[in-house]
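So this one's entry-v2.txt, compact mmCIF, C-alpha atoms:
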# COMPACT_ATOMS: atom_id res chain seq x y z
CA MET A 817 83.21 109.62 96.72
CA THR A 818 84.84 110.99 99.83
CA VAL A 819 86.39 108.10 101.77
CA ALA A 820 88.42 108.55 104.93
CA ILE A 821 90.20 105.92 106.99
CA GLU A 822 90.14 106.64 110.72
CA ARG A 823 91.23 104.75 113.78
CA ALA A 824 88.49 103.39 116.01
CA HIS A 825 89.37 103.51 119.70
CA ALA A 826 86.42 101.62 121.14
CA ALA A 827 83.85 98.98 120.25
CA THR A 828 81.07 101.38 119.31
CA ASP A 829 77.69 100.33 117.94
CA GLU A 830 79.05 101.17 114.49
CA VAL A 831 82.02 98.82 114.94
CA ARG A 832 79.82 96.07 116.38
CA GLY A 833 77.40 96.45 113.48
CA LEU A 834 80.09 96.04 110.83
CA LEU A 835 81.55 93.02 112.61
CA ALA A 836 78.11 91.43 113.01
CA GLU A 837 77.67 91.77 109.23
CA LEU A 838 81.08 90.20 108.68
CA ASP A 839 80.27 87.33 111.04
CA ALA A 840 76.96 86.66 109.26
CA PHE A 841 78.72 86.72 105.90
CA LEU A 842 81.32 84.21 107.09
CA ALA A 843 78.75 81.98 108.83
CA ALA A 844 77.04 81.44 105.47
CA SER A 845 80.18 79.74 104.07
CA TYR A 846 82.16 78.32 106.99
CA ALA A 847 81.49 76.03 109.93
CA ALA A 848 81.91 77.63 113.35
CA GLU A 849 85.26 75.91 113.98
CA GLN A 850 86.55 77.28 110.66
CA ARG A 851 85.91 80.94 111.56
CA HIS A 852 88.86 82.51 113.35
CA GLY A 853 87.88 86.16 113.78
CA VAL A 854 88.97 87.69 117.06
CA ALA A 855 86.35 88.98 119.48
CA VAL A 856 85.32 92.61 119.18
CA ASP A 857 86.96 93.65 122.45
CA ALA A 858 90.26 92.02 121.41
CA LEU A 859 90.45 94.54 118.55
CA PHE A 860 91.12 97.25 121.11
CA ALA A 861 93.98 95.51 122.93
CA PRO A 862 97.24 97.49 123.20
CA ASN A 863 98.89 95.55 120.34
CA VAL A 864 96.00 96.10 117.90
CA ARG A 865 94.96 99.05 115.77
CA PHE A 866 91.49 98.97 114.24
CA TYR A 867 90.20 101.24 111.49
CA LEU A 868 86.94 102.29 109.90
CA ALA A 869 86.50 103.38 106.31
CA ARG A 870 83.93 106.14 106.08
CA GLU A 871 82.23 107.51 103.03
CA ASP A 872 80.69 110.91 103.67
CA GLY A 873 80.79 110.12 107.39
CA VAL A 874 79.11 106.69 107.18
CA ALA A 875 81.09 103.57 108.15
CA ILE A 876 81.29 101.29 105.11
CA GLY A 877 84.23 99.05 105.98
CA CYS A 878 86.75 98.08 108.60
CA GLY A 879 90.04 96.33 109.17
CA GLY A 880 92.72 96.05 111.76
CA VAL A 881 96.26 95.00 112.39
CA ALA A 882 97.63 93.12 115.39
CA PHE A 883 101.33 93.45 116.18
CA PHE A 884 103.22 90.38 117.40
CA ASP A 885 106.87 89.53 117.91
CA GLY A 886 108.33 89.34 114.40
CA PHE A 887 105.18 90.03 112.36
CA ALA A 888 101.86 91.83 112.17
CA GLU A 889 98.55 90.26 111.18
CA VAL A 890 95.57 91.70 109.31
CA LYS A 891 92.38 91.33 111.35
CA ARG A 892 88.67 91.54 110.53
CA MET A 893 88.74 93.12 107.05
CA TYR A 894 85.25 93.82 105.74
CA VAL A 895 83.51 96.14 103.30
CA ARG A 896 79.74 96.39 103.12
CA PRO A 897 78.28 94.88 99.93
CA THR A 898 76.93 98.27 98.80
CA ALA A 899 80.46 99.70 98.84
CA ARG A 900 82.32 96.82 97.18
CA GLY A 901 84.11 97.12 93.87
CA ARG A 902 85.21 100.71 94.50
CA GLY A 903 88.65 100.15 96.02
CA ILE A 904 87.65 100.55 99.68
CA ALA A 905 89.27 97.26 100.75
CA ARG A 906 92.42 98.22 98.83
CA MET A 907 92.48 101.56 100.69
CA LEU A 908 92.07 99.85 104.07
CA LEU A 909 94.80 97.34 103.26
CA ALA A 910 97.17 100.08 102.09
CA HIS A 911 96.49 101.99 105.31
CA ILE A 912 97.24 98.88 107.37
CA GLU A 913 100.49 98.34 105.45
CA ASP A 914 101.47 101.95 106.10
CA GLU A 915 100.79 101.47 109.83
CA VAL A 916 103.00 98.38 109.90
CA ARG A 917 105.71 100.26 108.00
CA SER A 918 105.49 103.25 110.37
CA ALA A 919 105.79 100.92 113.35
CA GLY A 920 108.97 99.42 111.88
CA GLY A 921 107.35 96.12 110.95
CA ALA A 922 108.75 94.08 108.11
CA LEU A 923 106.27 91.23 107.71
CA LEU A 924 102.47 91.30 107.40
CA ARG A 925 100.48 88.05 107.52
CA LEU A 926 96.84 87.08 107.28
CA GLU A 927 94.37 84.22 107.22
CA THR A 928 91.37 84.21 104.89
CA GLY A 929 88.94 81.60 103.63
CA ILE A 930 88.80 79.57 100.45
CA HIS A 931 85.24 80.76 99.75
CA GLN A 932 86.27 84.43 99.48
CA PRO A 933 87.64 84.83 95.95
CA ALA A 934 87.46 88.64 96.02
CA ALA A 935 89.56 88.77 99.19
CA ILE A 936 92.06 86.31 97.76
CA ARG A 937 92.39 88.45 94.60
CA LEU A 938 92.81 91.59 96.72
CA TYR A 939 95.64 90.09 98.74
CA GLU A 940 97.40 88.55 95.74
CA ARG A 941 97.18 91.79 93.75
CA ALA A 942 98.60 93.64 96.76
CA GLY A 943 101.69 91.42 96.68
CA PHE A 944 100.83 88.84 99.34
CA VAL A 945 102.08 85.30 98.73
CA ARG A 946 100.66 82.07 100.06
CA ARG A 947 102.40 80.37 102.94
CA ASP A 948 101.80 77.63 105.48
CA ALA A 949 99.76 78.17 108.61
CA PHE A 950 101.54 80.38 111.14
CA GLY A 951 101.30 81.24 114.84
CA PRO A 952 98.23 79.85 116.59
CA TYR A 953 96.79 78.55 113.30
CA ALA A 954 99.68 76.12 112.95
CA ALA A 955 98.69 74.49 116.25
CA MET A 956 95.01 74.11 115.35
CA ASP A 957 93.34 70.85 114.47
CA PRO A 958 93.59 70.40 110.66
CA ALA A 959 89.77 70.37 110.41
CA ALA A 960 89.71 73.91 111.83
CA ILE A 961 91.95 75.28 109.06
CA VAL A 962 90.93 73.10 106.11
CA ALA A 963 89.04 76.09 104.64
CA SER A 964 91.81 78.59 105.44
CA LEU A 965 94.45 80.15 103.23
CA PHE A 966 97.47 81.91 104.70
CA PHE A 967 99.38 84.78 103.15
CA GLU A 968 102.28 87.08 103.95
CA LYS A 969 103.97 90.11 102.50
CA GLN A 970 107.33 91.70 103.17
CA ILE A 971 106.79 95.34 104.08
CA VAL A 972 109.31 97.59 102.40
CA PRO A 973 110.53 100.57 104.47
CA ASN A 974 109.57 104.02 103.16
CA ALA A 975 113.09 104.78 101.90
CA GLU A 976 112.93 101.71 99.62
CA LYS A 977 109.38 102.13 98.27

Translate this structure into structure tokens?
Amino acid sequence: MTVAIERAHAATDEVRGLLAELDAFLAASYAAEQRHGVAVDALFAPNVRFYLAREDGVAIGCGGVAFFDGFAEVKRMYVRPTARGRGIARMLLAHIEDEVRSAGGALLRLETGIHQPAAIRLYERAGFVRRDAFGPYAAMDPAAIVASLFFEKQIVPNAEK
């Protein structure tokens, strides 16, 4: 298996395809008001970095990180079902953590859903701890976040790793 993580700089058909798969996956388990994924074009805003995982040149997963004042947030993590169970999501998450570390960030947060046990396990095994809703999620109607879980992780600088 030859997997490479590369930055995507535009909303290509490949990116849109992966995100359409993610949206369909989430729509099967969550009501529309309980899905909080950012729009495709927002993934290419100046404060966001978005990545593709490629196996032998084929996009098999994606994930991004948005930088805000005081924290960064994981965005739109997804691995195609045919590539799951092989550590691709762990590689993407580690790459995102490294990007936050390189940018001088100290805190990485995320929102995921209660019906995604594999994602929850991934984040907990990677050292994320549960927390209350943060940022815009904290201001949402409780019905919109009833199926959400929130996590964060302190990012250790390279010298302390």

- Message: When you count all atoms listed in the file, which of these residues is closest to His911 in chain A: A:Glu968, A:Asp829, A:Leu868, A:Arg851?
- Response: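 Between A:Glu968, A:Asp829, A:Leu868, A:Arg851, the residue approaching His911 in chain A most closely is A:Leu868.
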
- Message: I need the residue nearest Arg823 in chain A from this list: A:Leu926, A:Ala934, A:Ala919, A:Leu859. Use only C-alpha atoms for the distance.
- Response: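 Residue with the minimum atom-to-atom distance to Arg823 in chain A: A:Leu859.
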
- Message: When you count only C-alpha atoms, which of these residues is closest to Ala858 in chain A: A:Ala826, A:Ala844, A:Glu871, A:Arg906?
- Response: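 Closest to Ala858 in chain A, using only C-alpha atoms: A:Ala826.
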
List the spatial neighbours of Glu822 in chain A as a short mmCIF file (atom, residue, chain, number, x, y, z; two decimals) with C-alpha atoms, in the frame of the given file - criterion: any atom at most 8 Å away, all atoms listed in the file, same-chain residues fewer than 5 positions off excluded.
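Here's the written file selection04.cif:
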data_model
loop_
_atom_site.label_atom_id
_atom_site.label_comp_id
_atom_site.auth_asym_id
_atom_site.auth_seq_id
_atom_site.Cartn_x
_atom_site.Cartn_y
_atom_site.Cartn_z
CA TYR A 867 90.20 101.24 111.49
CA LEU A 868 86.94 102.29 109.90
CA ALA A 869 86.50 103.38 106.31
CA ARG A 870 83.93 106.14 106.08
#

- Within 7 Å of Gly879 in chain A, counting all atoms listed in the file, which residues qualify if same-chain residues fewer than 6 places away don't, as a VMD selection string? chain A and resid 866 to 868 891 to 894 908

Excluding Ala922 in chain A and its own-chain neighbours fewer than 3 positions away, which residues fall within 9 Å of it when counting all atoms listed in the file? Please give them as a CSV table (one decimal) with C-alpha atoms, keeping the file's coordinate frame.
chain,number,residue,atom,x,y,z
A,886,GLY,CA,108.3,89.3,114.4
A,887,PHE,CA,105.2,90.0,112.4
A,888,ALA,CA,101.9,91.8,112.2
A,916,VAL,CA,103.0,98.4,109.9
A,917,ARG,CA,105.7,100.3,108.0
A,969,LYS,CA,104.0,90.1,102.5
A,970,GLN,CA,107.3,91.7,103.2
A,971,ILE,CA,106.8,95.3,104.1
A,972,VAL,CA,109.3,97.6,102.4
A,973,PRO,CA,110.5,100.6,104.5

- Message: Ranking A:Ala836, A:Val890, A:Ala827, A:Ala875 by minimum distance to Asp857 in chain A and counting only C-alpha atoms, which one comes first?
- Response: A:Ala827

- Message: Measuring between all atoms listed in the file, which one of A:Gly920, A:Pro862, A:Pro933, A:Gly877 shows the shortest distance to Arg902 in chain A?
- Response: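 With all atoms listed in the file as the atom set, the closest residue is A:Gly877.
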
- Message: Quick check, in Å to one decimal: how far apart do CA of Ser964 in chain A and CA of Glu927 in chain A lie?
- Response: 6.4 Å

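If all atoms listed in the file are the atoms counted, then among A:Val881, A:Glu849, A:Arg941, A:Val854 the closest residue to Asp957 in chain A is A:Glu849.
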
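Straight-line separation from CA of Leu965 in chain A to CA of Ala843 in chain A: 16.8 Å.
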
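Atom pair CA of Ala840 in chain A / CA of Gly929 in chain A: separated by 14.2 Å.
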
Edge lengths and centre in Å, axis-aligned, range 903-906 of chain A plus 8 Å each side, as lines of an AutoDock Vina configuration file:
center_x = 90.0
center_y = 98.9
center_z = 98.4
size_x = 20.8
size_y = 19.3
size_z = 20.7
